[in-house]
Every structure is written in structure tokens, then in C-alpha cells.
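In what follows, a single structure is set out as C-alpha cells and then discussed.
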Amino acid sequence: MEENKNVAVEANTEETVQAPAKKSAPLNASVAPEQFDWDAFESEASIYDGSSKEQIEDAYSKTLSKVVENEVVEGVIESISKREVVVNIGYKSDGVVAAPEFRYNPELKVGDKVEVYVESAEDRKGQLILSHKKARQLRSWDQVNEAFDKNEIVKGYIKTRTKGGMIVDVFGIEAFLPGSQIDIKPIRDYDVYVDQNMDFKIVKINHEFRNVVVSHKALLEAELEKQKSEIIGKLEKGQVLEGTVKNITNYGVFVDLGGVDGLIHITDLSWSRINNPEEIVKLDEKIKVVVLDFNEQQKRIALGLKQLSAHPWDNLDANLKEGDKVSGKVVLIADYGAFIEILPGVEGLIHVSEMSWSPRLRIAQDFLKVGDEVEAQILSLDREARKMSLGLKQLVANPWENIQERYPVGSQHTAVVRNITNFGVFAELEDGIEGLIHISDLSWDKIKHPSEMIQPGDKLEVIILDFDETNHKLSLGHKQFLPNPWDELESKYPVGMELQGTVASTTDKGANISLDENTEAFCFSKDLVKEDGKTAVVGETLTFKVIELRRSTRRILVSHTRTYAEAKAEKAASEAETAKKAVKKLNNNIEKTTLGDISELAALKDMLDNAK
């Protein structure tokens, strides 16, 4: 720029020299000191050679660019330092821009053209003040929309971390970079990306609020899709590959195979049962895996790790057979049974029915817990299917053997209530020997539920009623130890007995009749009709006759109607018998009939009619 200024000065000087002027020795001429014209120098006559200073300044200004404050102009980088960047915009002095405004462009160098905003043509120090940041901001919104429409890749500078992601400077606009869009792999430390320059793709613009969302992951995914297609196209089942553990979840491990991920399900990590994949692998660990399956359309690859080692069942003692005893540790418990690890990767199942001789099935947690060391007997062994069934109860004596000798029918014992149901009570005579006391054999009185009279853990006196040795079932009774109140009722209320009773309540079929404080009978509706034809009501006291005693249902049936209907029937039968005898006598004496007998016959006829 100084050269331009000199050229301008020389040009103007030449023009000035052509005009008539007072001759004097030029300042740059070699003259003796004593011959130098100091008066001419001090009066500037020799410099301007007769031309005005204003004319020279005007000619000089025409060689410079016109600068208008608050406008964007283009300039050339003259120099770069840590604090500032000097930019030449063709003005009489170079402008200064703060160096941090170019952080987004680490490749900036001297000679590059940049756009700057003129903040001040001349500050108090005479300095031209420029701003690259403001120039970018004025143009940035148009640039962002153009890049979005054309699906272009833009450069951005990650300024800081914020909630859920990062703030990125793109064309001078602060855009949001979600944490999930930084990379295709999980990010463990977001801070390492601060102060980094990266390429981005603009994925969303909110014109109303002027919000911009960018993604770096979108660029990686596009490239990754190409790599996936190439890698999957070369895959084969059974192929062994090397990869890096990328992510660990509860259900398995994701392995980076060099551009494409594969999943090792937790069941394919180890032949042994594990609770967490971290027991086998660690993040960023390099491992060898085998391809189990893959889907080229869905880009899914199933991998295996345990398949690279021999199956533990191959190491199982070849001499083991059914009936042998084995020892192991409980590794898993379900309601239906427990899995016992005999060797690492070799397990057997003890079903809950094989844990105890008790016929009442319970859950496996009642017998075992994870970590228990147990000894069991092999019940079945299938080496091809790699399955083994075990039993615990087989190692102890079967209490149901010779059950009839120890618990004969009719024998009395003490049992402990273990479980209560709607239909009865299960009581334990000894470990493994249980029997059922049906609700009808608990009490002579009628009860709705066994819990009305007994609770789990109570001791009961029981009698053996019956047994099923094959199915390991015992029938027990408890009420048999108590006197049967029905025997007393049968003697107290014999059939045919007449007694006073009160209608206590009615039902659809009849009424309950209170005979005393503790005894009720039942009377059907047809037997509640009184002699006057009306039906007895609640609270009415009448004479009833016992007509039936039902021991099976412990019910007394009575009738009020029979107390008077039977008496009428007996009277009618007696009158009919008397009439028959009279007719017979009349027939015997019919030949001796006289006129006086006619009145007797008429009376006899009336008597017969009444009897009918």
C-alpha cells in the first residue's frame, strides 16, 4: 500500500513539475551543505513546486478506495498474529480484526480474501476498525438457508457445551448440535469436542425463531452405509472376525467390525450362565467373534463369542449315567425348579416335584437359594440334547413306603396345619407326609370356611380315614374326636313328635322354625298352611309335627298342616267304617223291612252322605 502511495506522490509530483515554478535545487539532489536553500525548504516551495497542498491531497485521495462505515467490504489478509489480523481493504490504512473472530477457520493464511464489516473508518488512534464476525452475521442467514436447500456440507466451530449437546458457530450463527448427533458411537466425554472445527450438515431450520440444528453424525452415517454394504456383502456364516467392543447392554454386546456393528447376545457370550456381559468383556476391548447370522437388507449381524471355544458338555465325564450322584451350585431359581451347575456351562434341572416327597407342590424358593451347594441324583441324561434332570428327594428315604403299617386306617395322630383352602385343611403328620381334612370332617357344625376354627401352624388331633398309597394321598378327620350332636337330636326330636315352634324366617321354599335356643327345623311352604287356609307368618307360634330327620344334611323337617289334617282324616275314616257296618246290618234285615224301617234308611243315607 505504501508503494501505491509513493506512486501516487510521484505521479502528482510529475504533473506539478510540468507547471511553471520557481527553480530551486531538489531536496534529493546532492549539493554542498553551504549551498542548500533552507528558506525554500521551510516554505515548502521546493516540494510542491508552486502547486497547492490541497490539490495534491485531492489527487492522492482519488487513488484510494472509498470507505463507508457500517458496510461490508472485501479485503486481503496482510498479516496474522495471536491477537489480531491485519486486513487491506484499499483504504489509506490497513484495518485490524480481532484474531478470535477467525477461530472457526484454522486454515486462514496471508493473502486470503475475507469479508469484513467497517465499524469505524478512523478511531481515536487513527486506526481503521473492522469486524469479520459482524460481516459473517449479516450474510450468515442467507448462507445457512442456501446450504440447507442445497444439502451442502458446512464447516463449524464448536464453541461450548450446553444441556443436551453443543453450541456450534456456523457462518457466525450459533447452531445447536444435539449430543446424539455428534458421532455414530456413544459419547463418553463431550468436553473433548469443545474448541474443535468439524464438518456438519444442516438438518433443521426454524425460520420463526431463527434456530439452526446441525449434525455431524449424518455425514458419518452416509459414509457408514457404504461401508456396511461392502462389509456385509463379504460376510459368510461361520466367518471369524476381529472387532472392538463398542457398547455393553443388559442383553448383549455391540462390536465394531470396522464400519459396521454386530451384536453378541448375552446367551452367546459364554457357555456358562452370566448375569451381566461385563463379566466377560470390557469396553474398547479387541475380541475375536464368529458370524452366526446376518441380514443384508436390515444390516443386522448376529455374532457369537462362546462358539470359538469347545462346548463344556464335551468335557463331561463319559461314565456318568442315570442314578449317579453329582454335586453342583445353584445358579438360577424359578418357581418350577432350580438349575444346578455341575461344570462351567453344564447345568441340570431339579424340578420342584423332585425336591420333596410331599404331595403338596410348593415353589423352588422354599427349598433352595442361589449359591447353595447341593448333591443330587441324575434322573435323566441326554448328551445329544445336552439336558440333565436331577432329583433331591431320591437321596432320602421315601416316607410313603409302608405307609399302611405306620398309619393304619382308624389310628389317631397329632398333625400340624400347613395350608388352608376353601374345601379343607392340609395337615402334616411328618416330613413329607401330609393329609387332607375335608371341611365336612373338621366339625359336626356347619362352617363356611376352615379359617373360622383353625389357622396355619395349629396342631390338630386327627384320625386316618383312608389313604391312596399310589398317589401319596391321605384322608384325615378331626370331628370324629368330638361327640356327634345329631345323636342327641334324634333322641330329643323323634319322628311323629308334636311340639311348639316359632316361625323364625322364610325362604322361597318354606320357613325356618325355631324349636329352642340352639335348634332349628325347616317347614316347606305347603306344610305352613293353617286350618283356616291362611299361611303362617314370621313370629307366629304354632304346633308342628316332626316328619323326617335327615342325618346326611343334619336337618329336621316339620309340618303344621299335618297336625290337623291327619286328625280329620282319622275321623272321616272312623265314620266311614261305622257306615259300612250299618249298611251290612241293613242288608241282613232287608227282607224284614217295614214302613217303620224307612225312616231308619233315610237316616242311614244321611249318615253316609256326611261320612263322604
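We name chains A, B, ... following the order of the C-alpha cells; residues begin at 1 in each chain, and ligands are numbered from 1 as shown.
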| query | Can you list, as a PyMOL selection string, every residue of segment 64-260 of chain A that DSSP puts in strand (DSSP E)? | reply | chain A and resi 72-80+84-88+95-98+113-120+128-131+153-162+165-170+173-178+197-206+211-215+240-248+252-256
| said: Using only C-alpha atoms, which protein or nucleic acid residues come within 10 Å of segment 185-193 of chain A? Drop anything in the same chain fewer than 3 positions from it, and give the result as a list in words. | reply: Tyr157, Ile158, Lys159, Thr160, Arg161, Thr162, Gly165, Met166, Gly179, Ser180, Gln181, Ile182, Gln196, Asn197, Met198, Lys217, Lys246, Asn247 and Asp256 of chain A
Output file for the residues above (all heavy atoms, as a short mmCIF file (atom, residue, chain, number, x, y, z; two decimals), in the first residue's frame):
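See out-v7.cif below for the written result:
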```cif
data_model
loop_
_atom_site.label_atom_id
_atom_site.label_comp_id
_atom_site.auth_asym_id
_atom_site.auth_seq_id
_atom_site.Cartn_x
_atom_site.Cartn_y
_atom_site.Cartn_z
N TYR A 157 -17.49 -24.31 14.11
CA TYR A 157 -16.58 -24.29 15.25
C TYR A 157 -17.38 -24.55 16.52
O TYR A 157 -18.34 -23.83 16.82
CB TYR A 157 -15.86 -22.94 15.33
CG TYR A 157 -15.11 -22.72 16.61
CD1 TYR A 157 -13.90 -23.38 16.86
CD2 TYR A 157 -15.60 -21.85 17.59
CE1 TYR A 157 -13.21 -23.18 18.04
CE2 TYR A 157 -14.91 -21.63 18.76
CZ TYR A 157 -13.70 -22.30 18.99
OH TYR A 157 -13.02 -22.10 20.16
N ILE A 158 -17.04 -25.60 17.27
CA ILE A 158 -17.75 -25.95 18.49
C ILE A 158 -17.27 -25.02 19.60
O ILE A 158 -16.13 -25.10 20.06
CB ILE A 158 -17.51 -27.42 18.86
CG1 ILE A 158 -18.01 -28.33 17.74
CG2 ILE A 158 -18.22 -27.77 20.17
CD1 ILE A 158 -17.79 -29.81 17.97
N LYS A 159 -18.18 -24.14 20.03
CA LYS A 159 -17.82 -23.10 20.99
C LYS A 159 -17.87 -23.61 22.44
O LYS A 159 -16.95 -23.38 23.22
CB LYS A 159 -18.76 -21.90 20.83
CG LYS A 159 -18.67 -21.25 19.47
CD LYS A 159 -19.70 -20.14 19.32
CE LYS A 159 -19.47 -19.02 20.32
NZ LYS A 159 -20.42 -17.91 20.11
N THR A 160 -18.95 -24.26 22.79
CA THR A 160 -19.12 -24.66 24.20
C THR A 160 -20.12 -25.80 24.30
O THR A 160 -20.83 -26.12 23.34
CB THR A 160 -19.62 -23.46 25.03
OG1 THR A 160 -19.70 -23.84 26.40
CG2 THR A 160 -21.01 -23.02 24.58
N ARG A 161 -20.15 -26.36 25.47
CA ARG A 161 -21.10 -27.44 25.76
C ARG A 161 -22.35 -26.84 26.40
O ARG A 161 -22.26 -25.90 27.18
CB ARG A 161 -20.47 -28.47 26.69
CG ARG A 161 -21.39 -29.62 27.05
CD ARG A 161 -20.70 -30.61 27.96
NE ARG A 161 -21.60 -31.68 28.36
CZ ARG A 161 -21.28 -32.68 29.15
NH1 ARG A 161 -20.04 -32.75 29.63
NH2 ARG A 161 -22.15 -33.62 29.46
N THR A 162 -23.52 -27.39 26.08
CA THR A 162 -24.77 -26.94 26.68
C THR A 162 -25.62 -28.16 27.02
O THR A 162 -25.24 -29.31 26.74
CB THR A 162 -25.53 -26.00 25.72
OG1 THR A 162 -26.66 -25.46 26.41
CG2 THR A 162 -26.01 -26.75 24.49
N GLY A 165 -26.29 -31.11 24.44
CA GLY A 165 -25.45 -31.09 23.25
C GLY A 165 -24.40 -30.01 23.27
O GLY A 165 -23.83 -29.70 24.33
N MET A 166 -24.13 -29.40 22.08
CA MET A 166 -23.07 -28.42 21.95
C MET A 166 -23.59 -27.21 21.16
O MET A 166 -24.56 -27.29 20.42
CB MET A 166 -21.87 -29.02 21.20
CG MET A 166 -21.50 -30.44 21.61
SD MET A 166 -20.81 -30.57 23.26
CE MET A 166 -19.16 -29.93 22.98
N GLY A 179 -26.41 -33.96 21.37
CA GLY A 179 -25.39 -34.94 21.76
C GLY A 179 -25.47 -36.22 20.96
O GLY A 179 -24.45 -36.86 20.67
N SER A 180 -26.69 -36.60 20.55
CA SER A 180 -26.86 -37.84 19.78
C SER A 180 -26.41 -37.70 18.34
O SER A 180 -26.32 -38.70 17.62
CB SER A 180 -28.34 -38.26 19.81
OG SER A 180 -29.15 -37.26 19.21
N GLN A 181 -26.12 -36.44 17.90
CA GLN A 181 -25.75 -36.22 16.50
C GLN A 181 -24.27 -35.88 16.33
O GLN A 181 -23.84 -35.45 15.27
CB GLN A 181 -26.59 -35.08 15.92
CG GLN A 181 -28.07 -35.36 15.86
CD GLN A 181 -28.37 -36.56 14.97
OE1 GLN A 181 -27.86 -36.64 13.84
NE2 GLN A 181 -29.17 -37.48 15.45
N ILE A 182 -23.49 -36.10 17.41
CA ILE A 182 -22.06 -35.80 17.31
C ILE A 182 -21.32 -36.92 16.60
O ILE A 182 -20.48 -36.69 15.73
CB ILE A 182 -21.45 -35.57 18.72
CG1 ILE A 182 -22.12 -34.36 19.38
CG2 ILE A 182 -19.95 -35.37 18.64
CD1 ILE A 182 -21.65 -34.11 20.80
N GLN A 196 -13.20 -27.44 18.80
CA GLN A 196 -12.84 -28.23 17.63
C GLN A 196 -13.61 -27.71 16.42
O GLN A 196 -14.74 -27.24 16.53
CB GLN A 196 -13.19 -29.71 17.85
CG GLN A 196 -12.44 -30.37 18.99
CD GLN A 196 -10.96 -30.51 18.70
OE1 GLN A 196 -10.56 -30.79 17.56
NE2 GLN A 196 -10.14 -30.32 19.73
N ASN A 197 -12.98 -27.80 15.25
CA ASN A 197 -13.63 -27.47 13.98
C ASN A 197 -14.03 -28.77 13.29
O ASN A 197 -13.20 -29.69 13.16
CB ASN A 197 -12.69 -26.66 13.08
CG ASN A 197 -12.47 -25.26 13.61
OD1 ASN A 197 -13.28 -24.36 13.40
ND2 ASN A 197 -11.36 -25.07 14.31
N MET A 198 -15.28 -28.84 12.85
CA MET A 198 -15.77 -30.07 12.24
C MET A 198 -16.70 -29.73 11.08
O MET A 198 -17.19 -28.60 10.96
CB MET A 198 -16.54 -30.92 13.28
CG MET A 198 -15.70 -31.37 14.46
SD MET A 198 -16.68 -32.21 15.74
CE MET A 198 -17.16 -33.68 14.87
N LYS A 217 -23.13 -36.55 12.79
CA LYS A 217 -23.42 -37.98 12.66
C LYS A 217 -24.01 -38.30 11.29
O LYS A 217 -23.73 -39.36 10.71
CB LYS A 217 -24.39 -38.40 13.76
CG LYS A 217 -24.80 -39.86 13.72
CD LYS A 217 -25.78 -40.15 14.84
CE LYS A 217 -26.24 -41.59 14.80
NZ LYS A 217 -27.22 -41.88 15.89
N LYS A 246 -17.88 -51.99 21.41
CA LYS A 246 -18.32 -50.60 21.26
C LYS A 246 -19.31 -50.19 22.34
O LYS A 246 -19.27 -49.07 22.84
CB LYS A 246 -18.96 -50.45 19.88
CG LYS A 246 -19.49 -49.07 19.56
CD LYS A 246 -20.06 -49.06 18.16
CE LYS A 246 -20.63 -47.70 17.81
NZ LYS A 246 -21.21 -47.69 16.43
N ASN A 247 -20.20 -51.10 22.72
CA ASN A 247 -21.21 -50.79 23.73
C ASN A 247 -21.64 -52.06 24.42
O ASN A 247 -21.67 -53.13 23.81
CB ASN A 247 -22.42 -50.10 23.07
CG ASN A 247 -23.37 -49.51 24.09
OD1 ASN A 247 -22.96 -49.23 25.21
ND2 ASN A 247 -24.61 -49.32 23.71
N ASP A 256 -17.81 -53.35 17.03
CA ASP A 256 -17.49 -52.62 15.81
C ASP A 256 -16.56 -53.49 14.97
O ASP A 256 -15.44 -53.81 15.37
CB ASP A 256 -16.82 -51.29 16.16
CG ASP A 256 -16.54 -50.44 14.92
OD1 ASP A 256 -16.80 -50.91 13.81
OD2 ASP A 256 -16.05 -49.31 15.10
#
```
| Test item: residues at most 10 Å from Gly457 of chain A, only C-alpha atoms, excluding those fewer than 5 positions along its chain, as a list in words | Ala415, Val416, Val417, Arg418, Asn419, Ala427 and Glu428 of chain A
| Using only C-alpha atoms, which residues sit within 12 Å of Gly233 of chain A once same-chain residues fewer than 2 positions away are excluded, as a list in words? | Lys226, Gln227, Lys228, Ser229, Glu230, Ile231, Leu235, Glu236, Lys237, Val260, Phe294, Asn295, Glu296, Gln297, Lys299 and Ile301 of chain A
Could you please take those selected residues and save C-alpha atoms as a CSV table (one decimal), in the first residue's frame?
```
chain,number,residue,atom,x,y,z
A,226,LYS,CA,-21.4,-47.6,2.1
A,227,GLN,CA,-19.0,-49.4,4.3
A,228,LYS,CA,-21.8,-51.6,5.7
A,229,SER,CA,-22.9,-52.7,2.3
A,230,GLU,CA,-19.3,-53.5,1.4
A,231,ILE,CA,-18.6,-55.4,4.6
A,235,LEU,CA,-19.7,-61.9,5.2
A,236,GLU,CA,-20.2,-65.6,5.5
A,237,LYS,CA,-21.7,-67.7,8.3
A,260,VAL,CA,-20.5,-51.9,10.8
A,294,PHE,CA,-26.7,-61.7,9.1
A,295,ASN,CA,-29.5,-59.8,7.3
A,296,GLU,CA,-28.2,-57.9,4.3
A,297,GLN,CA,-31.4,-55.8,3.9
A,299,LYS,CA,-27.9,-54.5,8.0
A,301,ILE,CA,-25.2,-59.1,12.1
```
| request: For Ile274 of chain A, work out the shell of residues within 12 Å, counting only C-alpha atoms and skipping chain neighbours fewer than 6 positions away, then give it as an MDAnalysis selection string. | output: chainID A and resid 250:252 265:268 280:281 331:332 341 344:345
Atoms to include: C-alpha atoms. Write the selected residues as a short mmCIF file (atom, residue, chain, number, x, y, z; two decimals), in the first residue's frame.
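Ended up saving to again.cif:
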```
data_model
loop_
_atom_site.label_atom_id
_atom_site.label_comp_id
_atom_site.auth_asym_id
_atom_site.auth_seq_id
_atom_site.Cartn_x
_atom_site.Cartn_y
_atom_site.Cartn_z
CA ASN A 250 -28.04 -55.84 29.68
CA TYR A 251 -28.97 -58.06 26.76
CA GLY A 252 -25.67 -58.21 24.90
CA HIS A 265 -26.43 -61.73 22.54
CA ILE A 266 -25.78 -62.44 26.21
CA THR A 267 -26.56 -66.11 25.63
CA ASP A 268 -23.78 -66.29 23.02
CA ILE A 280 -16.88 -61.47 30.03
CA VAL A 281 -15.82 -58.36 28.04
CA VAL A 331 -27.13 -70.72 39.62
CA LEU A 332 -30.77 -69.94 38.86
CA GLU A 341 -24.17 -76.03 37.51
CA PRO A 344 -18.92 -74.44 33.92
CA GLY A 345 -21.50 -74.48 31.14
#
```
| message | According to DSSP computed on the backbone, where in segment 78-264 of chain A is there alpha helix (DSSP H)? Give the residues as a PyMOL selection string. | response | chain A and resi 132-149+217-233
